>>> print(open('data.txt').read())   # compact mmCIF, C-alpha atoms
# COMPACT_ATOMS: atom_id res chain seq x y z
CA MET C 1 4.22 31.40 -6.38
CA LYS C 2 5.44 29.53 -3.31
CA ILE C 3 7.84 26.84 -4.49
CA GLY C 4 9.46 24.21 -2.26
CA VAL C 5 12.39 22.00 -3.24
CA VAL C 6 12.80 18.97 -0.99
CA ARG C 7 16.35 18.05 0.07
CA PHE C 8 16.85 14.40 0.98
CA PRO C 9 20.16 13.08 2.32
CA GLY C 10 22.00 12.40 -0.94
CA SER C 11 20.07 14.84 -3.14
CA SER C 12 22.47 16.64 -5.47
CA CYS C 13 20.39 18.75 -7.87
CA GLU C 14 18.38 20.74 -5.33
CA VAL C 15 20.59 23.84 -5.55
CA ASP C 16 20.41 23.83 -9.36
CA CYS C 17 16.61 23.67 -9.07
CA LEU C 18 16.56 26.66 -6.71
CA GLU C 19 18.85 28.57 -9.09
CA ALA C 20 16.68 27.78 -12.12
CA TRP C 21 13.63 29.14 -10.31
CA ARG C 22 15.55 32.31 -9.35
CA LEU C 23 16.44 32.84 -13.02
CA VAL C 24 12.71 33.19 -13.80
CA GLY C 25 12.20 35.59 -10.92
CA GLU C 26 10.91 33.29 -8.17
CA ASP C 27 12.11 32.91 -4.61
CA PRO C 28 11.97 29.17 -3.87
CA VAL C 29 12.50 27.56 -0.46
CA MET C 30 14.49 24.45 0.47
CA ILE C 31 12.52 21.90 2.52
CA TRP C 32 14.49 19.41 4.64
CA HIS C 33 13.11 15.88 4.31
CA GLN C 34 12.57 15.59 8.08
CA GLU C 35 9.93 18.29 7.96
CA THR C 36 6.35 17.05 8.07
CA SER C 37 4.25 19.67 6.27
CA VAL C 38 4.12 21.31 2.84
CA LYS C 39 1.23 23.52 3.88
CA GLY C 40 1.14 26.84 2.04
CA PHE C 41 3.21 25.66 -0.94
CA ASP C 42 1.95 25.86 -4.52
CA LEU C 43 4.55 23.51 -6.03
CA ILE C 44 6.78 20.81 -4.59
CA VAL C 45 9.91 19.79 -6.50
CA LEU C 46 11.56 16.45 -5.76
CA PRO C 47 15.08 16.98 -7.17
CA GLY C 48 17.65 14.64 -8.67
CA GLY C 49 20.54 12.99 -6.93
CA PHE C 50 21.12 9.82 -4.95
CA SER C 51 18.78 9.92 -1.97
CA TYR C 52 20.02 7.50 0.69
CA GLY C 53 22.84 6.50 -1.67
CA ASN C 54 20.23 4.89 -3.94
CA TYR C 55 20.63 1.82 -1.71
CA LEU C 56 18.14 -1.03 -2.15
CA ARG C 57 16.39 0.69 -5.13
CA PRO C 58 16.60 4.36 -6.15
CA GLY C 59 13.96 6.33 -4.25
CA SER C 60 12.80 3.36 -2.16
CA ILE C 61 14.00 4.74 1.19
CA ALA C 62 13.38 8.44 0.48
CA ARG C 63 9.79 7.48 -0.21
CA TYR C 64 9.43 6.93 3.57
CA SER C 65 11.07 10.22 4.60
CA PRO C 66 8.78 12.14 7.00
CA ILE C 67 7.96 14.89 4.46
CA MET C 68 6.65 12.38 1.92
CA GLU C 69 3.44 11.62 3.78
CA ASP C 70 2.34 15.23 3.36
CA VAL C 71 3.70 15.43 -0.22
CA ILE C 72 1.46 12.46 -1.07
CA ARG C 73 -1.52 14.12 0.61
CA PHE C 74 -0.72 17.39 -1.25
CA ALA C 75 -0.52 15.55 -4.61
CA LYS C 76 -3.77 13.69 -4.01
CA SER C 77 -5.55 16.96 -3.24
CA GLY C 78 -4.43 18.37 -6.61
CA GLY C 79 -1.17 20.14 -5.64
CA LEU C 80 1.55 20.40 -8.27
CA VAL C 81 4.41 17.93 -7.73
CA TRP C 82 7.41 17.78 -10.07
CA GLY C 83 9.89 14.90 -9.76
CA ILE C 84 13.13 15.13 -11.70
CA SER C 85 15.38 12.07 -12.14
CA ASN C 86 15.71 10.66 -8.59
CA GLY C 87 12.50 12.59 -7.87
CA PHE C 88 10.76 10.61 -10.64
CA GLN C 89 12.06 7.38 -9.08
CA ILE C 90 10.67 8.47 -5.68
CA LEU C 91 7.27 9.21 -7.30
CA THR C 92 7.05 5.69 -8.75
CA GLU C 93 8.21 4.11 -5.47
CA CYS C 94 5.45 5.87 -3.52
CA GLY C 95 2.83 5.02 -6.14
CA LEU C 96 1.93 8.57 -7.23
CA LEU C 97 3.11 7.54 -10.71
CA PRO C 98 2.91 4.04 -12.24
CA GLY C 99 5.81 1.85 -13.35
CA ALA C 100 9.32 1.26 -11.99
CA PHE C 101 12.98 1.65 -12.93
CA LEU C 102 15.64 -0.87 -13.91
CA ARG C 103 19.36 -0.50 -14.63
CA ASN C 104 20.09 1.14 -17.99
CA VAL C 105 20.20 -1.48 -20.74
CA GLY C 106 23.90 -0.81 -21.43
CA LEU C 107 24.60 -0.95 -17.66
CA ARG C 108 26.47 2.36 -17.87
CA TYR C 109 25.71 5.53 -16.02
CA ILE C 110 24.91 8.07 -18.74
CA CYS C 111 25.49 11.80 -18.32
CA ALA C 112 24.94 13.41 -21.72
CA PRO C 113 22.82 15.82 -23.75
CA GLN C 114 19.64 14.12 -24.94
CA TYR C 115 16.93 14.99 -27.42
CA LEU C 116 13.30 14.64 -26.37
CA ARG C 117 9.99 15.16 -28.11
CA VAL C 118 7.26 17.05 -26.26
CA GLU C 119 4.24 14.73 -26.54
CA ASN C 120 1.77 16.60 -24.36
CA SER C 121 1.81 20.40 -24.18
CA ASP C 122 -1.56 20.83 -22.45
CA LEU C 123 -0.17 20.51 -18.94
CA PRO C 124 0.68 22.94 -16.16
CA PHE C 125 4.29 21.85 -16.75
CA THR C 126 4.49 22.10 -20.56
CA ASN C 127 2.03 24.73 -21.84
CA GLN C 128 4.84 26.93 -23.23
CA TYR C 129 6.04 24.23 -25.67
CA GLU C 130 4.46 23.31 -28.97
CA LYS C 131 3.37 19.69 -29.17
CA GLY C 132 5.94 17.71 -31.15
CA ARG C 133 8.80 20.14 -30.54
CA LEU C 134 12.25 18.59 -30.16
CA ILE C 135 14.15 19.86 -27.15
CA GLN C 136 17.62 19.15 -25.82
CA ILE C 137 17.81 18.44 -22.10
CA PRO C 138 20.61 16.47 -20.44
CA ILE C 139 20.13 13.12 -18.74
CA SER C 140 22.22 11.84 -15.85
CA HIS C 141 21.30 8.43 -14.49
CA GLY C 142 22.28 4.78 -14.15
CA GLU C 143 18.79 3.45 -13.48
CA GLY C 144 16.54 5.29 -15.90
CA ASN C 145 15.20 2.26 -17.72
CA TYR C 146 11.46 2.85 -17.24
CA THR C 147 9.35 -0.29 -17.20
CA ILE C 148 5.60 -0.85 -16.96
CA ASP C 149 3.29 -3.74 -17.82
CA ASP C 150 1.20 -3.85 -21.03
CA GLU C 151 -2.00 -2.69 -19.34
CA GLY C 152 -0.27 0.19 -17.59
CA LEU C 153 1.42 1.28 -20.82
CA LYS C 154 -1.88 1.26 -22.65
CA ARG C 155 -3.42 3.44 -19.94
CA LEU C 156 -0.54 5.92 -20.25
CA GLN C 157 -0.99 6.03 -24.03
CA ASP C 158 -4.79 6.23 -23.99
CA ASN C 159 -4.87 9.01 -21.39
CA ASN C 160 -2.13 11.05 -23.07
CA GLN C 161 0.05 10.67 -19.96
CA ILE C 162 3.35 10.29 -21.83
CA VAL C 163 4.82 13.80 -21.74
CA PHE C 164 8.35 13.33 -23.14
CA ARG C 165 9.88 10.62 -25.32
CA TYR C 166 13.56 10.07 -26.12
CA VAL C 167 14.18 10.64 -29.83
CA ASN C 168 16.96 10.36 -32.38
CA THR C 169 18.57 13.41 -33.84
CA ASP C 170 22.31 13.78 -33.70
CA THR C 171 22.50 12.17 -30.27
CA SER C 172 21.42 8.60 -29.64
CA GLY C 173 17.71 7.75 -29.42
CA ASN C 174 16.55 5.65 -26.52
CA PRO C 175 19.58 5.84 -24.22
CA ASN C 176 18.54 3.42 -21.49
CA GLY C 177 16.00 0.89 -22.78
CA SER C 178 12.91 2.65 -21.41
CA ARG C 179 9.64 1.14 -22.56
CA ASP C 180 8.04 3.06 -25.47
CA ASN C 181 10.98 5.54 -25.28
CA ILE C 182 9.39 7.11 -22.21
CA ALA C 183 11.37 9.96 -20.65
CA GLY C 184 8.58 11.59 -18.65
CA ILE C 185 4.98 10.92 -17.62
CA VAL C 186 2.19 12.64 -15.76
CA ASN C 187 -0.55 11.22 -13.56
CA LYS C 188 -4.06 10.97 -14.94
CA GLU C 189 -5.14 14.17 -13.19
CA GLY C 190 -2.20 16.10 -14.70
CA ASN C 191 -0.77 17.55 -11.47
CA VAL C 192 2.11 15.10 -10.78
CA LEU C 193 4.90 14.93 -13.36
CA GLY C 194 7.99 12.73 -13.32
CA MET C 195 10.87 12.92 -15.80
CA MET C 196 14.38 11.49 -15.99
CA PRO C 197 16.01 14.40 -17.93
CA HIS C 198 17.19 17.47 -16.01
CA PRO C 199 15.52 20.70 -17.24
CA GLU C 200 17.21 22.64 -14.41
CA ARG C 201 20.49 21.95 -16.24
CA ALA C 202 19.14 23.50 -19.45
CA VAL C 203 18.25 27.05 -18.48
CA GLU C 204 21.31 29.09 -19.53
CA GLU C 205 23.14 29.42 -22.86
CA ILE C 206 26.50 29.06 -21.13
CA ILE C 207 25.67 25.51 -20.04
CA GLY C 208 24.63 24.36 -23.49
CA SER C 209 20.85 24.57 -23.75
CA VAL C 210 17.95 26.75 -22.68
CA ASP C 211 15.28 24.28 -23.75
CA GLY C 212 14.36 23.52 -20.14
CA ARG C 213 13.36 27.09 -19.37
CA GLU C 214 9.88 26.69 -20.80
CA MET C 215 9.00 24.15 -18.12
CA PHE C 216 9.58 26.76 -15.42
CA LEU C 217 7.73 29.39 -17.48
CA SER C 218 4.87 26.93 -18.14
CA ILE C 219 4.34 26.37 -14.43
CA LEU C 220 4.35 30.12 -13.76
CA LYS C 221 1.93 30.74 -16.61
CA HIS C 222 -0.39 28.05 -15.25
CA TRP C 223 -0.16 29.54 -11.80
CA GLU C 224 -0.90 33.09 -12.97
CA GLY C 225 -3.94 31.81 -14.86
CA ARG C 226 -5.20 30.06 -11.75
CA SER C 227 -4.66 32.94 -9.37
CA GLN C 228 -6.54 35.23 -11.75
CA GLY C 229 -9.46 32.86 -11.56
CA GLY C 230 -8.75 31.26 -14.94
CA ALA C 231 -8.13 27.59 -15.71
CA MET G 232 14.86 -13.19 18.21
CA LEU G 233 14.15 -14.67 14.83
CA LYS G 234 16.16 -14.34 11.67
CA ALA G 235 14.55 -14.01 8.25
CA ARG G 236 16.46 -14.88 5.11
CA VAL G 237 14.88 -12.89 2.30
CA LYS G 238 15.22 -13.43 -1.44
CA VAL G 239 14.10 -10.72 -3.86
CA THR G 240 14.02 -11.60 -7.55
CA LEU G 241 12.91 -9.76 -10.67
CA LYS G 242 9.55 -11.00 -11.98
CA LYS G 243 9.88 -13.39 -14.92
CA SER G 244 8.39 -10.84 -17.32
CA ILE G 245 10.99 -8.19 -16.44
CA LEU G 246 14.22 -7.94 -18.44
CA ASP G 247 17.36 -8.14 -16.31
CA PRO G 248 20.21 -6.09 -17.84
CA GLN G 249 22.70 -7.21 -15.17
CA GLY G 250 21.75 -10.86 -15.53
CA SER G 251 22.14 -10.66 -19.32
CA ALA G 252 25.63 -9.19 -18.95
CA ALA G 253 26.70 -12.00 -16.59
CA GLU G 254 25.09 -14.56 -18.90
CA LYS G 255 27.01 -13.29 -21.93
CA ALA G 256 30.29 -13.33 -19.97
CA LEU G 257 29.75 -16.93 -18.82
CA LYS G 258 28.84 -18.02 -22.34
CA SER G 259 31.97 -16.40 -23.72
CA MET G 260 33.91 -18.36 -21.09
CA GLN G 261 32.48 -21.50 -22.75
CA TYR G 262 30.35 -22.60 -19.78
CA PRO G 263 27.14 -24.46 -20.65
CA VAL G 264 24.97 -21.63 -19.31
CA GLU G 265 21.42 -21.13 -20.55
CA SER G 266 20.50 -17.98 -18.60
CA VAL G 267 21.36 -15.88 -15.55
CA ARG G 268 19.01 -13.77 -13.45
CA ILE G 269 20.39 -11.56 -10.67
CA GLY G 270 18.45 -10.92 -7.47
CA LYS G 271 19.07 -9.83 -3.89
CA PHE G 272 19.57 -11.72 -0.64
CA MET G 273 18.94 -10.07 2.73
CA GLU G 274 19.05 -11.15 6.37
CA VAL G 275 16.71 -9.44 8.80
CA VAL G 276 16.97 -10.12 12.54
CA LEU G 277 13.68 -9.43 14.30
CA ASN G 278 13.07 -8.58 17.94
CA GLU G 279 10.18 -11.00 17.95
CA ASP G 280 9.98 -14.63 19.09
CA ASP G 281 6.49 -15.52 17.92
CA LYS G 282 6.77 -17.13 14.48
CA ASP G 283 3.28 -16.14 13.31
CA LYS G 284 3.81 -12.52 14.27
CA ALA G 285 7.27 -12.53 12.70
CA GLU G 286 5.86 -13.89 9.46
CA LYS G 287 3.23 -11.16 9.33
CA ILE G 288 5.84 -8.47 9.99
CA MET G 289 8.14 -9.88 7.31
CA HIS G 290 5.40 -9.82 4.67
CA GLU G 291 4.76 -6.18 5.52
CA ILE G 292 8.47 -5.30 5.42
CA CYS G 293 8.94 -7.07 2.09
CA GLN G 294 5.91 -5.45 0.47
CA LYS G 295 6.60 -1.96 1.79
CA LEU G 296 10.35 -1.64 1.41
CA LEU G 297 12.54 -4.64 0.63
CA SER G 298 10.87 -5.40 -2.71
CA ASN G 299 9.00 -3.34 -5.29
CA PRO G 300 5.88 -5.38 -6.15
CA VAL G 301 5.73 -3.71 -9.59
CA ILE G 302 8.88 -5.48 -10.77
CA GLU G 303 9.95 -7.94 -8.06
CA ASP G 304 8.84 -11.06 -6.20
CA TYR G 305 10.02 -11.96 -2.71
CA SER G 306 10.22 -15.02 -0.51
CA PHE G 307 11.64 -15.61 2.96
CA GLU G 308 12.46 -18.28 5.48
CA LEU G 309 12.39 -17.79 9.23
CA GLU G 310 14.86 -19.44 11.53
CA GLY G 311 15.07 -19.34 15.32
>>> encode(input="data.txt", output="structure tokens")
Amino acid sequence: MKIGVVRFPGSSCEVDCLEAWRLVGEDPVMIWHQETSVKGFDLIVLPGGFSYGNYLRPGSIARYSPIMEDVIRFAKSGGLVWGISNGFQILTECGLLPGAFLRNVGLRYICAPQYLRVENSDLPFTNQYEKGRLIQIPISHGEGNYTIDDEGLKRLQDNNQIVFRYVNTDTSGNPNGSRDNIAGIVNKEGNVLGMMPHPERAVEEIIGSVDGREMFLSILKHWEGRSQGGA
Amino acid sequence: MLKARVKVTLKKSILDPQGSAAEKALKSMQYPVESVRIGKFMEVVLNEDDKDKAEKIMHEICQKLLSNPVIEDYSFELEG
């Protein structure tokens, strides 16, 4: 599978994303944001971090980086796009995903382990989870408070577009005030996923959790199925 | 050249965590404050002397980058 991870000025999780892909046997490529084509790629990852210092609004300036025009074209033609944290913010800013982000309700930057519930396991990104499974994946953000209007929320619910919700176990439930406890969503077509938690930080026992690994394995499984002429 | 003074505010329906924090602080300082909403103020100097053209450009700039229409409203004034 040809995987590209976009590096914007201020990205900080791109190397972790590359490493996570290597752990499942892939050989991903870094794409500088000034490049103008994602031709030939099977998956584009928009990583976490602070693109352009998060000035103005997180993701608002990165959304106009040269590479984004082709990422948008790629997404609209059905290509897999995976935005993590700042990548999720970029996806909402460019309109590939609905909604927007506000400061966390407690105003604090939160970097902590977080429990999530897998709400939709029928996606290219989540087919290796069981629906309803609780997973622990860390969050790291100051502006992860997802907001959307009533109509938009209803559409997400009705179309099964909410992929992960923050839940209570022994860590706190909704950490940032996100509407309907939303931690991750997918577009209606199912090929563009955005999530605030960092699965690339949950792929090795030594760093506390391996619950993120299945996302990488899900995408590979989906890809193998496709290339063999399956779904 | 024309200068635009831009105000970007959160839509009324959107909760403002920063505004609420400032509001609580002012109330605890015993000021007769009902509510606080925090927004942004920007100055944009345009290489354009035609007011109509400048206005059109500013609307575009505000909609594309300076505000996020999902959560924010904007307004601006032009001065010569």
>>> interface_residues(input="data.txt", of="chain C", to="chain G", cutoff="12 Å", atoms="only C-alpha atoms", output="ChimeraX atom specification")
/C:55-64,89-90,92-95,97-108,142-143,145-150,152,176-179
>>> write_last_selection(input="data.txt", atoms="C-alpha atoms", output="tab-separated table (two decimals), in the coordinates of the input")
chain	number	residue	atom	x	y	z
C	55	TYR	CA	20.63	1.82	-1.71
C	56	LEU	CA	18.14	-1.03	-2.15
C	57	ARG	CA	16.39	0.69	-5.13
C	58	PRO	CA	16.60	4.36	-6.15
C	59	GLY	CA	13.96	6.33	-4.25
C	60	SER	CA	12.80	3.36	-2.16
C	61	ILE	CA	14.00	4.74	1.19
C	62	ALA	CA	13.38	8.44	0.48
C	63	ARG	CA	9.79	7.48	-0.21
C	64	TYR	CA	9.43	6.93	3.57
C	89	GLN	CA	12.06	7.38	-9.08
C	90	ILE	CA	10.67	8.47	-5.68
C	92	THR	CA	7.05	5.69	-8.75
C	93	GLU	CA	8.21	4.11	-5.47
C	94	CYS	CA	5.45	5.87	-3.52
C	95	GLY	CA	2.83	5.02	-6.14
C	97	LEU	CA	3.11	7.54	-10.71
C	98	PRO	CA	2.91	4.04	-12.24
C	99	GLY	CA	5.81	1.85	-13.35
C	100	ALA	CA	9.32	1.26	-11.99
C	101	PHE	CA	12.98	1.65	-12.93
C	102	LEU	CA	15.64	-0.87	-13.91
C	103	ARG	CA	19.36	-0.50	-14.63
C	104	ASN	CA	20.09	1.14	-17.99
C	105	VAL	CA	20.20	-1.48	-20.74
C	106	GLY	CA	23.90	-0.81	-21.43
C	107	LEU	CA	24.60	-0.95	-17.66
C	108	ARG	CA	26.47	2.36	-17.87
C	142	GLY	CA	22.28	4.78	-14.15
C	143	GLU	CA	18.79	3.45	-13.48
C	145	ASN	CA	15.20	2.26	-17.72
C	146	TYR	CA	11.46	2.85	-17.24
C	147	THR	CA	9.35	-0.29	-17.20
C	148	ILE	CA	5.60	-0.85	-16.96
C	149	ASP	CA	3.29	-3.74	-17.82
C	150	ASP	CA	1.20	-3.85	-21.03
C	152	GLY	CA	-0.27	0.19	-17.59
C	176	ASN	CA	18.54	3.42	-21.49
C	177	GLY	CA	16.00	0.89	-22.78
C	178	SER	CA	12.91	2.65	-21.41
C	179	ARG	CA	9.64	1.14	-22.56
>>> atom_distance(input="data.txt", atom1="atom CA of Lys238 of chain G", atom2="atom CA of Glu265 of chain G")
21.5 Å
>>> atom_distance(input="data.txt", atom1="atom CA of Leu309 of chain G", atom2="atom CA of Met273 of chain G")
12.0 Å
>>> atom_distance(input="data.txt", atom1="atom CA of Asp42 of chain C", atom2="atom CA of Val5 of chain C")
11.2 Å
>>> closest_residue(input="data.txt", among="G:Met260, G:Lys282, G:Lys255, G:Gln294", to="Ala235 of chain G", atoms="all atoms listed in the file")
G:Lys282
>>> residues_near_point(input="data.txt", point="(21.9, -17.7, 11.2)", cutoff="9 Å", atoms="only C-alpha atoms", output="list in words")
Lys234, Ala235, Arg236, Glu274, Glu310 and Gly311 of chain G
>>> closest_residue(input="data.txt", among="C:Pro66, C:Pro197, C:Pro28, C:Gly10", to="Cys111 of chain C", atoms="all atoms listed in the file")
C:Pro197
>>> residues_near_point(input="data.txt", point="(23.0, 21.5, -2.2)", cutoff="12 Å", atoms="only C-alpha atoms", output="list in words")
Val5, Val6, Arg7, Phe8, Pro9, Gly10, Ser11, Ser12, Cys13, Glu14, Val15, Asp16, Cys17, Leu18, Glu19, Met30, Ile31, Trp32, Pro47, Gly48 and Gly49 of chain C
>>> residues_around(input="data.txt", residues="Ala202 of chain C", least_positions_apart="4", cutoff="12 Å", atoms="only C-alpha atoms", output="list in words")
Asp16, Cys17, Glu19, Ala20, Leu23, Ala112, Pro113, Gln114, Tyr115, Ile135, Gln136, Ile137, Pro138, Ile139, Pro197, His198, Ile206, Ile207, Gly208, Ser209, Val210, Asp211, Gly212, Arg213, Glu214, Met215 and Phe216 of chain C
>>> closest_residue(input="data.txt", among="C:Ile110, C:Leu43, C:Val38, C:Val118", to="Gly79 of chain C", atoms="only C-alpha atoms")
C:Leu43
>>> closest_residue(input="data.txt", among="G:Arg268, G:Val275, G:Ser259, G:Glu303", to="Val237 of chain G", atoms="only C-alpha atoms")
G:Val275
>>> decode(input="data.txt", residues="segment 62-132 of chain C", atoms="C-alpha atoms", output="PDB file, in the first residue's frame")
ATOM      1  CA  ALA C  62      -2.679  24.660   6.536  1.00  0.00           C
ATOM      2  CA  ARG C  63      -5.953  24.156   4.719  1.00  0.00           C
ATOM      3  CA  TYR C  64      -4.551  26.462   1.991  1.00  0.00           C
ATOM      4  CA  SER C  65      -1.156  24.732   1.720  1.00  0.00           C
ATOM      5  CA  PRO C  66      -0.434  23.805  -1.926  1.00  0.00           C
ATOM      6  CA  ILE C  67      -0.803  20.041  -1.339  1.00  0.00           C
ATOM      7  CA  MET C  68      -4.331  20.437   0.034  1.00  0.00           C
ATOM      8  CA  GLU C  69      -5.941  21.181  -3.315  1.00  0.00           C
ATOM      9  CA  ASP C  70      -4.948  17.737  -4.558  1.00  0.00           C
ATOM     10  CA  VAL C  71      -5.764  16.080  -1.199  1.00  0.00           C
ATOM     11  CA  ILE C  72      -9.302  17.485  -1.541  1.00  0.00           C
ATOM     12  CA  ARG C  73      -9.546  16.218  -5.119  1.00  0.00           C
ATOM     13  CA  PHE C  74      -8.207  12.802  -3.980  1.00  0.00           C
ATOM     14  CA  ALA C  75     -10.782  12.625  -1.144  1.00  0.00           C
ATOM     15  CA  LYS C  76     -13.648  13.605  -3.423  1.00  0.00           C
ATOM     16  CA  SER C  77     -12.694  10.868  -5.875  1.00  0.00           C
ATOM     17  CA  GLY C  78     -12.912   8.268  -3.085  1.00  0.00           C
ATOM     18  CA  GLY C  79      -9.280   8.175  -1.869  1.00  0.00           C
ATOM     19  CA  LEU C  80      -8.663   7.314   1.781  1.00  0.00           C
ATOM     20  CA  VAL C  81      -7.801  10.348   3.925  1.00  0.00           C
ATOM     21  CA  TRP C  82      -7.074  10.046   7.647  1.00  0.00           C
ATOM     22  CA  GLY C  83      -6.791  13.199   9.762  1.00  0.00           C
ATOM     23  CA  ILE C  84      -5.487  12.854  13.304  1.00  0.00           C
ATOM     24  CA  SER C  85      -5.847  15.713  15.820  1.00  0.00           C
ATOM     25  CA  ASN C  86      -4.568  18.778  13.910  1.00  0.00           C
ATOM     26  CA  GLY C  87      -5.313  16.738  10.780  1.00  0.00           C
ATOM     27  CA  PHE C  88      -8.961  16.476  11.890  1.00  0.00           C
ATOM     28  CA  GLN C  89      -9.025  20.253  12.403  1.00  0.00           C
ATOM     29  CA  ILE C  90      -7.631  20.753   8.876  1.00  0.00           C
ATOM     30  CA  LEU C  91     -10.345  18.435   7.464  1.00  0.00           C
ATOM     31  CA  THR C  92     -13.124  20.501   9.053  1.00  0.00           C
ATOM     32  CA  GLU C  93     -11.516  23.787   7.951  1.00  0.00           C
ATOM     33  CA  CYS C  94     -11.421  22.634   4.316  1.00  0.00           C
ATOM     34  CA  GLY C  95     -14.977  21.302   4.470  1.00  0.00           C
ATOM     35  CA  LEU C  96     -14.230  17.610   3.845  1.00  0.00           C
ATOM     36  CA  LEU C  97     -15.777  16.961   7.268  1.00  0.00           C
ATOM     37  CA  PRO C  98     -18.573  18.979   8.925  1.00  0.00           C
ATOM     38  CA  GLY C  99     -18.373  20.948  12.168  1.00  0.00           C
ATOM     39  CA  ALA C 100     -15.644  23.037  13.800  1.00  0.00           C
ATOM     40  CA  PHE C 101     -13.462  23.187  16.912  1.00  0.00           C
ATOM     41  CA  LEU C 102     -13.533  25.427  19.963  1.00  0.00           C
ATOM     42  CA  ARG C 103     -11.213  25.716  22.969  1.00  0.00           C
ATOM     43  CA  ASN C 104     -11.560  22.837  25.438  1.00  0.00           C
ATOM     44  CA  VAL C 105     -14.298  23.590  27.957  1.00  0.00           C
ATOM     45  CA  GLY C 106     -11.822  23.646  30.862  1.00  0.00           C
ATOM     46  CA  LEU C 107      -9.487  25.887  28.789  1.00  0.00           C
ATOM     47  CA  ARG C 108      -6.571  23.562  29.529  1.00  0.00           C
ATOM     48  CA  TYR C 109      -4.426  21.732  27.054  1.00  0.00           C
ATOM     49  CA  ILE C 110      -4.997  18.044  27.825  1.00  0.00           C
ATOM     50  CA  CYS C 111      -2.388  15.364  27.153  1.00  0.00           C
ATOM     51  CA  ALA C 112      -3.631  12.155  28.764  1.00  0.00           C
ATOM     52  CA  PRO C 113      -4.802   8.595  28.168  1.00  0.00           C
ATOM     53  CA  GLN C 114      -8.458   8.542  27.133  1.00  0.00           C
ATOM     54  CA  TYR C 115     -11.079   5.845  26.770  1.00  0.00           C
ATOM     55  CA  LEU C 116     -13.157   5.729  23.599  1.00  0.00           C
ATOM     56  CA  ARG C 117     -15.992   3.545  22.383  1.00  0.00           C
ATOM     57  CA  VAL C 118     -15.859   2.256  18.815  1.00  0.00           C
ATOM     58  CA  GLU C 119     -19.271   3.211  17.399  1.00  0.00           C
ATOM     59  CA  ASN C 120     -18.802   2.176  13.786  1.00  0.00           C
ATOM     60  CA  SER C 121     -16.646  -0.822  12.880  1.00  0.00           C
ATOM     61  CA  ASP C 122     -17.779  -1.162   9.263  1.00  0.00           C
ATOM     62  CA  LEU C 123     -15.228   1.274   7.882  1.00  0.00           C
ATOM     63  CA  PRO C 124     -11.922   0.942   6.049  1.00  0.00           C
ATOM     64  CA  PHE C 125     -10.397   2.469   9.201  1.00  0.00           C
ATOM     65  CA  THR C 126     -12.076   0.353  11.901  1.00  0.00           C
ATOM     66  CA  ASN C 127     -12.972  -3.096  10.510  1.00  0.00           C
ATOM     67  CA  GLN C 128     -10.620  -4.881  12.954  1.00  0.00           C
ATOM     68  CA  TYR C 129     -12.515  -3.625  16.035  1.00  0.00           C
ATOM     69  CA  GLU C 130     -15.763  -4.980  17.400  1.00  0.00           C
ATOM     70  CA  LYS C 131     -18.542  -2.413  17.549  1.00  0.00           C
ATOM     71  CA  GLY C 132     -18.894  -1.155  21.109  1.00  0.00           C
TER      72      GLY C 132
END
